[in-house]
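**Student:** I am sharing start_27.txt, which consists of compact mmCIF, C-alpha atoms:
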# COMPACT_ATOMS: atom_id res chain seq x y z
CA MET H 9 77.20 75.34 29.56
CA SER H 10 77.06 74.65 25.85
CA ASN H 11 76.56 71.08 24.74
CA GLU H 12 79.00 71.77 21.95
CA ARG H 13 81.85 72.16 24.39
CA TYR H 14 81.40 68.64 25.73
CA SER H 15 80.34 66.97 22.50
CA ARG H 16 83.67 65.13 22.14
CA GLN H 17 83.21 63.45 25.50
CA SER H 18 79.52 62.64 25.07
CA PHE H 19 80.43 58.95 24.78
CA LEU H 20 80.81 59.05 28.57
CA GLY H 21 77.04 58.75 28.84
CA LEU H 22 73.84 60.73 28.50
CA ASP H 23 73.96 61.97 32.07
CA ALA H 24 77.75 62.06 32.39
CA GLN H 25 77.98 65.84 32.44
CA ASP H 26 75.32 66.00 35.18
CA ARG H 27 77.32 63.52 37.24
CA ILE H 28 80.43 65.61 36.71
CA ASP H 29 78.53 68.78 37.69
CA GLN H 30 77.27 67.23 40.91
CA ALA H 31 80.57 65.91 42.20
CA VAL H 32 82.53 67.85 44.80
CA ILE H 33 86.20 67.13 44.21
CA GLY H 34 88.89 67.57 46.83
CA ILE H 35 92.51 67.94 45.71
CA VAL H 36 95.29 67.99 48.26
CA GLY H 37 98.58 69.17 46.83
CA LEU H 38 98.63 71.45 43.79
CA GLY H 39 102.22 71.12 42.68
CA GLY H 40 103.62 68.73 40.11
CA GLY H 41 100.79 66.20 40.19
CA GLY H 42 97.88 68.24 41.52
CA SER H 43 98.26 71.01 38.97
CA HIS H 44 97.75 68.49 36.15
CA VAL H 45 94.72 67.07 37.94
CA VAL H 46 93.13 70.50 38.41
CA GLN H 47 93.75 71.47 34.80
CA GLN H 48 92.19 68.29 33.45
CA LEU H 49 89.18 68.40 35.75
CA ALA H 50 88.48 71.97 34.68
CA HIS H 51 88.65 71.01 31.01
CA ILE H 52 86.31 68.08 31.63
CA GLY H 53 83.78 70.41 33.23
CA PHE H 54 83.88 69.89 36.98
CA GLN H 55 82.16 72.69 38.85
CA GLN H 56 82.89 72.11 42.54
CA TYR H 57 86.37 72.09 44.05
CA VAL H 58 87.97 72.01 47.47
CA LEU H 59 91.67 72.79 47.07
CA TYR H 60 94.54 72.61 49.55
CA ASP H 61 98.16 73.62 49.30
CA PRO H 62 100.10 75.72 51.80
CA ASP H 63 102.90 76.69 49.43
CA CYS H 64 103.66 79.51 47.04
CA VAL H 65 105.20 79.12 43.61
CA GLU H 66 108.98 78.89 43.72
CA ASP H 67 111.55 78.76 40.97
CA SER H 68 111.99 75.00 41.30
CA ASN H 69 108.24 74.48 40.71
CA LEU H 70 108.34 75.94 37.21
CA THR H 71 109.78 72.77 35.72
CA ARG H 72 106.61 70.82 36.38
CA MET H 73 103.71 72.84 37.82
CA VAL H 74 101.39 73.30 34.86
CA GLY H 75 99.80 76.74 34.68
CA ALA H 76 102.46 78.41 36.81
CA THR H 77 104.42 81.25 35.25
CA GLU H 78 107.62 83.09 35.95
CA GLU H 79 105.50 85.99 37.14
CA ASP H 80 103.81 83.70 39.70
CA MET H 81 107.25 82.81 40.99
CA LYS H 82 108.33 86.45 41.18
CA VAL H 83 105.34 87.46 43.28
CA ALA H 84 105.34 84.18 45.26
CA ARG H 85 101.74 83.53 44.24
CA PRO H 86 100.03 80.82 46.30
CA LYS H 87 99.61 77.56 44.43
CA VAL H 88 95.91 77.57 45.29
CA ALA H 89 95.59 80.89 43.47
CA VAL H 90 97.24 79.45 40.37
CA ALA H 91 94.86 76.50 40.49
CA GLN H 92 91.91 78.86 40.85
CA ARG H 93 93.10 80.84 37.82
CA ILE H 94 93.29 77.66 35.75
CA ILE H 95 89.77 76.64 36.75
CA ARG H 96 88.28 80.11 36.28
CA GLY H 97 89.75 80.31 32.80
CA LEU H 98 87.65 77.34 31.79
CA GLN H 99 84.78 77.30 34.29
CA PRO H 100 84.06 80.88 35.35
CA ASN H 101 81.08 79.86 37.50
CA ALA H 102 82.76 77.01 39.33
CA GLN H 103 82.49 76.90 43.11
CA ILE H 104 86.01 76.82 44.46
CA GLU H 105 87.10 76.65 48.08
CA LEU H 106 90.77 77.51 48.54
CA TYR H 107 92.81 76.66 51.59
CA GLN H 108 96.38 77.89 51.57
CA LYS H 109 97.11 75.61 54.49
CA HIS H 110 98.03 72.07 55.29
CA TRP H 111 94.80 70.08 55.09
CA GLN H 112 95.29 68.95 58.68
CA GLU H 113 94.78 72.56 59.81
CA VAL H 114 91.34 72.80 58.15
CA PRO H 115 90.14 69.22 57.76
CA LEU H 116 86.36 69.70 57.81
CA PRO H 117 85.88 70.76 54.16
CA LEU H 118 87.40 67.47 53.02
CA ARG H 119 84.50 65.59 54.54
CA ARG H 120 81.93 66.94 52.16
CA CYS H 121 83.96 65.93 49.09
CA ASP H 122 82.54 63.13 47.00
CA LEU H 123 85.96 62.17 45.68
CA LEU H 124 89.42 63.01 46.93
CA PHE H 125 92.74 63.24 45.10
CA GLY H 126 95.92 63.01 47.12
CA CYS H 127 98.90 64.52 45.29
CA VAL H 128 101.20 64.77 48.26
CA ASP H 129 104.75 63.91 49.19
CA GLY H 130 105.53 61.25 51.73
CA GLY H 131 103.90 58.15 53.05
CA ARG H 132 102.70 59.71 56.28
CA ASN H 133 100.73 62.39 54.49
CA ARG H 134 99.00 59.90 52.20
CA ARG H 135 98.38 57.55 55.10
CA ASP H 136 96.58 60.31 57.00
CA LEU H 137 94.58 61.37 53.95
CA GLU H 138 93.44 57.83 53.32
CA ALA H 139 92.43 57.51 56.96
CA VAL H 140 90.18 60.57 56.69
CA ALA H 141 88.72 59.31 53.43
CA ARG H 142 87.92 55.96 55.01
CA ARG H 143 86.37 57.48 58.09
CA TYR H 144 83.97 59.59 56.04
CA LEU H 145 83.44 57.06 53.23
CA ILE H 146 85.12 59.01 50.45
CA PRO H 147 86.84 57.32 47.50
CA TYR H 148 90.49 58.34 47.53
CA ILE H 149 92.80 58.45 44.50
CA ASP H 150 96.48 58.69 45.34
CA ILE H 151 99.33 59.48 42.99
CA GLY H 152 102.99 59.42 43.80
CA LEU H 153 106.32 59.51 42.03
CA ASP H 154 109.83 58.85 43.17
CA VAL H 155 113.26 58.65 41.60
CA HIS H 156 115.74 56.28 43.17
CA GLN H 157 119.29 57.28 42.54
CA THR H 158 122.11 54.80 42.89
CA GLU H 159 125.76 55.25 42.21
CA ALA H 160 126.27 52.37 39.84
CA GLU H 161 123.06 52.36 37.80
CA PRO H 162 121.00 54.96 36.01
CA PRO H 163 118.26 56.49 38.19
CA ILE H 164 115.06 54.51 38.46
CA MET H 165 111.82 56.48 38.12
CA ALA H 166 108.71 54.81 39.48
CA GLY H 167 105.32 55.81 40.73
CA GLN H 168 101.83 54.64 41.50
CA VAL H 169 98.18 55.43 41.08
CA VAL H 170 95.87 53.89 43.66
CA LEU H 171 92.11 53.95 44.01
CA SER H 172 91.38 53.31 47.67
CA MET H 173 87.67 52.63 48.04
CA PRO H 174 85.91 52.36 51.40
CA GLY H 175 85.06 48.74 51.97
CA SER H 176 87.88 47.57 49.72
CA LEU H 177 91.61 47.08 50.23
CA CYS H 178 93.57 50.06 51.49
CA MET H 179 97.10 51.23 50.74
CA HIS H 180 98.42 49.27 53.73
CA CYS H 181 96.82 46.08 52.39
CA LEU H 182 98.33 46.72 48.97
CA GLY H 183 101.83 47.36 50.31
CA VAL H 184 101.88 50.97 49.09
CA LEU H 185 102.27 51.97 52.72
CA HIS H 186 104.18 49.94 55.25
CA GLU H 187 105.07 50.61 58.81
CA LYS H 188 108.85 50.37 58.49
CA ALA H 189 109.00 52.99 55.74
CA LEU H 190 106.58 55.23 57.63
CA ALA H 191 108.70 55.00 60.74
CA GLU H 192 111.88 55.77 58.80
CA GLU H 193 110.17 58.72 57.18
CA GLY H 194 109.23 60.03 60.59
CA GLN H 195 112.83 59.81 61.78
CA ARG H 196 114.29 61.67 58.82
CA TYR H 197 111.47 64.21 58.64
CA GLU H 198 113.62 67.13 59.63
CA ASP H 199 116.28 66.66 56.98
CA ALA H 200 114.18 65.40 54.11
CA GLY H 201 115.59 67.01 51.00
CA PRO H 202 113.75 67.94 47.81
CA ARG H 203 112.21 64.96 46.02
CA PRO H 204 113.04 64.51 42.35
CA GLN H 205 109.98 65.20 40.17
CA VAL H 206 109.50 65.66 36.43
CA VAL H 207 106.58 67.06 34.50
CA TRP H 208 106.06 64.21 32.05
CA ALA H 209 105.89 61.53 34.70
CA ASN H 210 103.57 63.66 36.84
CA GLY H 211 101.40 64.11 33.78
CA ILE H 212 101.12 60.39 33.16
CA LEU H 213 100.18 59.68 36.76
CA ALA H 214 97.71 62.56 36.94
CA SER H 215 96.07 61.61 33.65
CA THR H 216 95.72 58.04 34.80
CA ALA H 217 94.16 59.21 38.06
CA VAL H 218 91.71 61.50 36.28
CA GLY H 219 90.75 58.66 33.96
CA ILE H 220 89.92 56.51 36.97
CA ALA H 221 87.85 59.34 38.45
CA ILE H 222 85.83 59.79 35.28
CA ASP H 223 85.13 56.09 35.01
CA LEU H 224 84.17 56.02 38.67
CA LEU H 225 81.66 58.84 38.20
CA THR H 226 80.26 57.97 34.78
CA ASN H 227 80.78 54.19 34.64
CA TRP H 228 81.50 54.61 30.96
CA THR H 229 83.54 51.40 30.73
CA GLY H 230 81.14 49.46 32.95
CA ASP H 231 84.19 47.59 34.14
CA LEU H 232 85.83 49.52 36.97
CA HIS H 233 86.66 47.57 40.09
CA ALA H 234 88.34 48.63 43.33
CA PRO H 235 90.98 48.51 44.50
CA ILE H 236 93.12 49.83 41.68
CA TYR H 237 96.88 49.80 42.05
CA LEU H 238 98.77 50.79 38.94
CA GLU H 239 102.54 50.92 38.90
CA TYR H 240 104.40 53.35 36.68
CA PHE H 241 107.89 52.54 35.48
CA GLY H 242 109.33 55.71 34.08
CA ASN H 243 112.45 54.17 32.61
CA GLN H 244 110.32 51.85 30.49
CA GLY H 245 107.38 54.20 30.07
CA THR H 246 104.80 51.66 31.23
CA VAL H 247 101.78 51.68 33.52
CA GLN H 248 100.47 48.33 34.61
CA PRO H 249 98.48 46.69 37.42
CA SER H 250 100.66 45.86 40.37
CA PRO H 251 101.33 42.16 40.93
CA ARG H 252 100.72 42.88 44.59
CA LEU H 253 96.99 42.94 43.82
CA GLU H 254 97.15 39.22 43.23
CA PHE H 255 98.72 38.45 46.57
CA ALA H 256 96.99 41.01 48.76
CA ALA H 257 94.50 40.06 51.45
CA LYS H 258 90.89 39.79 50.35
CA ILE H 259 89.47 41.90 53.16
CA CYS H 260 90.89 45.10 54.61
CA ARG H 261 91.63 44.71 58.30
CA HIS H 262 92.97 48.23 58.72
CA TYR H 263 89.72 50.11 58.15
CA PRO H 264 86.66 48.16 59.30
CA ILE H 265 83.60 49.57 57.60
CA THR H 266 82.00 50.10 61.01
CA GLU H 267 84.72 52.54 62.11
CA VAL H 268 83.34 55.61 60.41
CA GLY H 269 82.04 59.01 61.40
CA ASP H 270 83.08 61.23 64.25
CA PRO H 271 84.32 59.08 67.13
CA GLU H 272 82.64 61.23 69.73
CA LEU H 273 79.18 61.16 68.12
CA MET Z 150 78.35 73.58 47.75
CA SER Z 151 76.26 73.83 50.90
CA ARG Z 152 74.58 70.50 51.46
CA LEU Z 153 72.94 70.05 54.80
CA LEU Z 154 72.59 66.29 54.77
CA ILE Z 155 74.51 63.54 53.03
CA ILE Z 156 73.97 59.80 53.39
CA ARG Z 157 76.95 57.73 52.28
CA LEU Z 158 76.35 54.03 51.96
CA ALA Z 159 79.37 51.87 51.16
CA TYR Z 160 78.94 49.07 48.65
CA PRO Z 161 79.52 46.10 50.97
CA LEU Z 162 76.55 47.12 53.10
CA TYR Z 163 74.58 48.37 50.09
CA LYS Z 164 74.95 45.01 48.37
CA ALA Z 165 73.95 43.16 51.52
CA VAL Z 166 70.82 45.31 51.82
CA LYS Z 167 69.90 44.80 48.17
CA ALA Z 168 70.42 41.07 48.49
CA ASP Z 169 68.04 40.95 51.43
CA LEU Z 170 65.41 43.25 49.92
CA THR Z 171 65.24 41.29 46.67
CA ARG Z 172 64.56 37.96 48.37
CA PRO Z 173 61.01 36.81 47.57
CA HIS Z 174 58.54 36.80 50.43
CA PRO Z 175 55.67 34.30 50.76
CA PHE Z 176 53.08 37.04 50.29
CA ALA Z 177 54.59 40.53 50.50
CA ALA Z 178 55.46 42.16 47.18
CA GLU Z 179 58.61 43.73 48.60
CA ARG Z 180 60.80 43.56 51.67
CA VAL Z 181 61.73 46.07 54.32
CA GLY Z 182 64.71 46.47 56.63
CA PHE Z 183 66.38 49.02 58.87
CA LEU Z 184 69.80 50.62 58.52
CA PHE Z 185 71.64 52.11 61.49
CA SER Z 186 73.92 55.03 60.99
CA LYS Z 187 76.89 56.73 62.51
CA VAL Z 188 77.27 60.47 62.13
CA GLY Z 189 79.98 62.86 61.01
CA ILE Z 190 79.95 66.62 61.04
CA GLY Z 191 81.21 68.49 58.01
CA PRO Z 192 81.78 72.16 57.31
CA ASP Z 193 79.04 74.75 57.56
CA GLY Z 194 76.62 72.46 59.34
CA VAL Z 195 76.85 69.57 56.89
CA ILE Z 196 75.75 66.34 58.53
CA LEU Z 197 77.08 63.06 57.19
CA LEU Z 198 75.08 59.92 57.89
CA LEU Z 199 77.13 56.77 57.48
CA PRO Z 200 75.18 53.52 57.84
CA VAL Z 201 77.14 50.65 59.35
CA ASP Z 202 74.56 48.03 60.32
CA TYR Z 203 71.47 46.45 58.80
CA LEU Z 204 68.52 44.71 60.41
CA PRO Z 205 66.65 42.40 58.02
CA LEU Z 206 63.12 41.48 58.99
CA PRO Z 207 62.03 37.85 59.25
CA ASP Z 208 59.09 36.65 57.15
CA GLU Z 209 56.72 36.46 60.12
CA GLN Z 210 57.06 40.20 60.83
CA TYR Z 211 55.22 41.04 57.60
CA VAL Z 212 51.45 41.54 57.57
CA ASP Z 213 49.14 40.65 54.69
CA GLU Z 214 46.80 43.62 54.45
CA GLY Z 215 45.31 42.62 51.11
CA ASP Z 216 45.91 46.10 49.69
CA PRO Z 217 47.57 46.04 46.27
CA LEU Z 218 48.88 49.57 46.83
CA ILE Z 219 50.99 48.42 49.77
CA GLY Z 220 54.11 46.48 48.80
CA ALA Z 221 54.94 45.46 52.34
CA ALA Z 222 53.33 46.04 55.69
CA ILE Z 223 55.20 45.15 58.87
CA ASN Z 224 53.94 44.42 62.36
CA GLY Z 225 54.70 45.87 65.75
CA ALA Z 226 57.40 43.32 66.45
CA ALA Z 227 59.36 44.59 63.46
CA ILE Z 228 59.15 48.17 64.67
CA ARG Z 229 60.06 47.14 68.21
CA SER Z 230 63.13 45.27 66.97
CA ALA Z 231 64.29 48.39 65.15
CA MET Z 232 63.61 50.50 68.25
CA GLN Z 233 65.58 48.06 70.39
CA ARG Z 234 68.53 48.29 67.99
CA VAL Z 235 68.41 52.07 68.27
CA LEU Z 236 68.48 51.81 72.04
CA ASP Z 237 71.29 49.25 72.06
CA SER Z 238 73.50 50.93 69.47
CA GLY Z 239 72.84 54.61 70.05
CA MET Z 240 72.53 55.01 66.30
CA GLY Z 241 69.70 56.56 64.33
CA ALA Z 242 67.67 54.26 62.09
CA PHE Z 243 66.47 54.35 58.50
CA HIS Z 244 63.52 52.37 57.25
CA VAL Z 245 64.75 50.98 53.93
CA HIS Z 246 62.94 49.39 51.01
CA MET Z 247 63.47 49.04 47.30
CA HIS Z 248 61.60 49.74 44.10
CA ALA Z 249 63.26 46.84 42.37
CA TYR Z 250 61.93 47.51 38.88
CA HIS Z 251 63.16 51.11 38.69
CA THR Z 252 66.51 52.51 37.63
CA GLY Z 253 67.86 55.99 38.37
CA CYS Z 254 66.98 58.08 41.40
CA PRO Z 255 63.70 56.68 42.78
CA HIS Z 256 60.81 58.57 44.40
CA PHE Z 257 58.87 57.73 47.52
CA SER Z 258 55.26 56.84 46.73
CA PRO Z 259 52.28 58.63 48.32
CA THR Z 260 51.84 55.52 50.46
CA ASP Z 261 55.44 55.83 51.62
CA TRP Z 262 54.97 59.49 52.55
CA HIS Z 263 51.79 58.58 54.44
CA ASP Z 264 53.37 55.78 56.44
CA LEU Z 265 56.91 57.02 57.10
CA PRO Z 266 56.06 59.68 59.73
CA ASP Z 267 54.51 57.04 61.99
CA ILE Z 268 57.55 54.82 61.65
CA VAL Z 269 59.90 57.70 62.35
CA GLN Z 270 57.84 58.70 65.36
CA SER Z 271 58.30 55.19 66.75
CA LEU Z 272 62.04 55.45 66.20
CA ARG Z 273 62.01 58.81 67.94
CA ASN Z 274 60.25 57.16 70.85
CA ALA Z 275 63.34 55.00 71.21
CA ASP Z 276 65.70 57.97 71.05
CA ALA Z 277 64.50 61.41 69.99
CA ARG Z 278 68.01 62.89 70.02
CA LEU Z 279 69.05 60.94 66.94
CA ILE Z 280 68.45 61.47 63.23
CA HIS Z 281 66.01 58.94 61.80
CA GLY Z 282 64.56 58.54 58.37
CA ALA Z 283 64.06 56.36 55.35
CA LEU Z 284 66.05 55.18 52.39
CA LEU Z 285 64.56 54.03 49.11
CA LEU Z 286 66.68 52.06 46.66
CA SER Z 287 66.21 51.50 42.96
CA GLN Z 288 68.28 49.05 40.96
CA ASP Z 289 71.20 51.45 40.78
CA ALA Z 290 70.46 54.56 42.84
CA ALA Z 291 68.75 55.74 46.02
CA THR Z 292 66.91 58.59 47.67
CA GLY Z 293 66.25 59.39 51.29
CA ALA Z 294 64.09 61.28 53.75
CA LEU Z 295 65.40 62.45 57.09
CA TRP Z 296 64.00 63.96 60.22
CA LEU Z 297 66.37 65.88 62.45
CA PRO Z 298 65.66 65.90 66.17
CA ASN Z 299 62.76 68.25 66.96
CA GLN Z 300 61.89 68.59 63.31
CA ASP Z 301 58.22 68.73 62.32
CA ILE Z 302 57.21 65.15 61.57
CA ASN Z 303 55.41 66.37 58.45
CA MET Z 304 58.46 68.22 57.08
CA PRO Z 305 61.15 65.69 56.18
CA LEU Z 306 64.40 66.71 54.53
CA VAL Z 307 65.70 65.04 51.39
CA PRO Z 308 69.43 64.37 51.67
CA GLN Z 309 72.01 63.70 49.01
CA VAL Z 310 72.53 59.95 48.91
CA THR Z 311 75.88 58.64 47.71
CA LEU Z 312 76.45 54.96 47.03
CA VAL Z 313 80.16 54.61 47.62
CA GLY Z 314 81.70 52.08 45.29
CA CYS Z 315 82.28 51.44 41.60
CA PRO Z 316 80.45 53.24 40.09
CA LEU Z 317 80.11 56.13 42.50
CA GLN Z 318 76.43 57.02 42.47
CA ILE Z 319 75.57 60.53 43.67
CA CYS Z 320 71.85 61.16 44.02
CA PRO Z 321 71.23 64.84 44.75
CA GLY Z 322 69.08 65.96 47.62
CA GLY Z 323 66.30 68.49 47.32
CA ARG Z 324 62.81 69.24 48.51
CA VAL Z 325 59.96 66.85 49.25
Could you express the structure from this file as structure tokens?
**Tutor:**
Amino acid sequence: MSNERYSRQSFLGLDAQDRIDQAVIGIVGLGGGGSHVVQQLAHIGFQQYVLYDPDCVEDSNLTRMVGATEEDMKVARPKVAVAQRIIRGLQPNAQIELYQKHWQEVPLPLRRCDLLFGCVDGGRNRRDLEAVARRYLIPYIDIGLDVHQTEAEPPIMAGQVVLSMPGSLCMHCLGVLHEKALAEEGQRYEDAGPRPQVVWANGILASTAVGIAIDLLTNWTGDLHAPIYLEYFGNQGTVQPSPRLEFAAKICRHYPITEVGDPEL
Amino acid sequence: MSRLLIIRLAYPLYKAVKADLTRPHPFAAERVGFLFSKVGIGPDGVILLLPVDYLPLPDEQYVDEGDPLIGAAINGAAIRSAMQRVLDSGMGAFHVHMHAYHTGCPHFSPTDWHDLPDIVQSLRNADARLIHGALLLSQDAATGALWLPNQDINMPLVPQVTLVGCPLQICPGGRV
């Protein structure tokens, strides 16, 4: 790969591009958030991907899934294929594993990832992804967006970016996940309607997540610390550290560092 | 993307190991310890080794051999304590030491390569079904050597070693 291509990001460090080359990146969910993540990682120069999404492009995706076209919708192209096309357009020699399935159906490839992005809907899905990441000692970056609609007030758009690092506080500790909401989600699973999503908010969250990943891999700021919990307030257009960080426990009791690996081995 | 062996060491344990290995010893130039690892199976035969426990060695288990080429020599009691931990835990063991003045991915010395097979053979005597090996730390990175069960003692494998924390340090595997 030409040095010229990456000259504008050379400030990341002398060996930054090698570190980016070496990293195997898992991305679960390639819709509104994940498509931004894939696109940015391909521009940055990542060469190894493990991608999951069971869905095909639908009309409602075209408002926010970057890289997807009307033609993709017409032929019901799998989202993993769109992601592959984006990567190949920038990194023709990249190694890409595609799984047009729920990650739970083919979980093994996740384990070899060096870093995992979760761009999924619902607390239960992100809870399970974090659990896998903890068990196999993989840093996990989660993004999520929601729009709360009330009758009296304008809608409230809010989201989060979390870096969940093995040995550090998890999303339960940080209050991103809590049992009551998970239980309620389980009860309404069958009739869960479409979640409001918009491209600009997804872009902000995905860009923030990619920035964390690059700092994690290159240490270019020399000042990254886990956990990271950033809250996005779409109505105000701000991203800021969650005040919950200040009041969270100091040690994660949900994922002891000894509870790793395959239970049967 | 096919990587046969990956060691992932999380920062809390990594920092504890570094803190122990950088303690001065009355006469040894460096310190030694043993890590004990759980195992995960990945796709296409990938084996993940995930250390969860560390055995530091007390001062009296070091031997002064008067050889400037040897940073630390340990006695039989040290090896037996590591073997006992293997037996008790059912986990494979890694001999671990540190080249404290180096940065970047370190390299085992000729002395290391000479001595490690004997240590690994002792660990195999405790449980030959497990994966044993060695881990070498620098100031900010690490490398490893592993012996799968039934593998020729003179043919170690070099795994990828990932230090899991901020920053995420991925040290590629390769050939000896």
**Student:** When you count all atoms listed in the file, which of these residues is closest to chain H: Z:Ala231, Z:Leu284, Z:Leu198, Z:Ala178?
**Tutor:**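 Closest to chain H of all the choices is Z:Leu198.
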**Student:** As an exercise, work out the distance from atom CA of Ile302 of chain Z to atom CA of Asp213 of chain Z in Å and give it to one decimal place.
**Tutor:**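 Separation between atom CA of Ile302 of chain Z and atom CA of Asp213 of chain Z: 26.7 Å.
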**Student:** Using only C-alpha atoms and a cut-off of 12 Å, which residues of chain Z sit close to chain H? Please list them as JSON, numbers by chain.
**Tutor:** {"Z": [150, 151, 152, 153, 154, 155, 156, 157, 158, 159, 160, 161, 162, 163, 164, 185, 186, 187, 188, 189, 190, 191, 192, 193, 194, 195, 196, 197, 198, 199, 200, 201, 202, 203, 238, 239, 240, 241, 253, 278, 279, 280, 289, 309, 310, 311, 312, 313, 314, 315, 316, 317, 318, 319, 320, 321, 322]}
**Student:** Could you tell me how far atom CA of Asn11 of chain H sits from atom CA of His251 of chain Z, in Å to one decimal place?
**Tutor:**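 Atom CA of His251 of chain Z sits 27.8 Å away from atom CA of Asn11 of chain H.
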**Student:** Hey, what's within 10 Å of Arg273 of chain Z if we count only C-alpha atoms and toss same-chain stuff fewer than 2 positions away? As a ChimeraX atom specification, please?
**Tutor:** /Z:232,235,241-242,267-271,275-282,296-299
**Student:** Suppose you want the space between atom CA of Met247 of chain Z and atom CA of Arg229 of chain Z; what is it in Å?
**Tutor:**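 About the pair atom CA of Met247 of chain Z and atom CA of Arg229 of chain Z: they are 21.3 Å apart.
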**Student:** Might you pull out every residue within 6 Å of Gly41 of chain H, with all atoms listed in the file counted and same-chain residues fewer than 2 positions away left off, and present them as an MDAnalysis selection string?
**Tutor:** chainID H and resid 39 43:44 127 210 214
**Student:** Could you check which of H:Gly37, H:Gly126, H:Gly167, H:Gly211 is closest to Ala91 of chain H, using all atoms listed in the file?
**Tutor:**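 Checking each of H:Gly37, H:Gly126, H:Gly167, H:Gly211 against Ala91 of chain H, counting all atoms listed in the file, the winner is H:Gly37.
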**Student:** Leaving out Asp80 of chain H and any residue of its chain fewer than 3 positions from it, which residues lie within 9 Å of it when counting only C-alpha atoms, given as a list of chain:residue names?
**Tutor:**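 Once the adjacent positions are removed, what remains is H:Cys64, H:Val65, H:Glu66, H:Ala76, H:Thr77, H:Val83, H:Ala84, H:Arg85, H:Pro86, H:Lys87, H:Val90.
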**Student:** Find the residues around Leu185 of chain H up to 10 Å (only C-alpha atoms counted), leave out those fewer than 3 positions away in its own chain, and share them as JSON, numbers by chain.
**Tutor:** {"H": [130, 131, 132, 134, 135, 178, 179, 180, 181, 182, 188, 189, 190]}
**Student:** Store the residues picked out above in a file with C-alpha atoms, as a compact mmCIF listing (two decimals), in the frame of the given file.
**Tutor:**
# COMPACT_ATOMS: atom_id res chain seq x y z
CA GLY H 130 105.53 61.25 51.73
CA GLY H 131 103.90 58.15 53.05
CA ARG H 132 102.70 59.71 56.28
CA ARG H 134 99.00 59.90 52.20
CA ARG H 135 98.38 57.55 55.10
CA CYS H 178 93.57 50.06 51.49
CA MET H 179 97.10 51.23 50.74
CA HIS H 180 98.42 49.27 53.73
CA CYS H 181 96.82 46.08 52.39
CA LEU H 182 98.33 46.72 48.97
CA LYS H 188 108.85 50.37 58.49
CA ALA H 189 109.00 52.99 55.74
CA LEU H 190 106.58 55.23 57.63
**Student:** When you look at His256 of chain Z with a cut-off of 10 Å (counting only C-alpha atoms), what residues show up, excluding the ones that are within fewer than 4 positions of it in the same chain? I need them as a PyMOL selection string.
**Tutor:** chain Z and resi 248+251+261+285-287+291-293+325
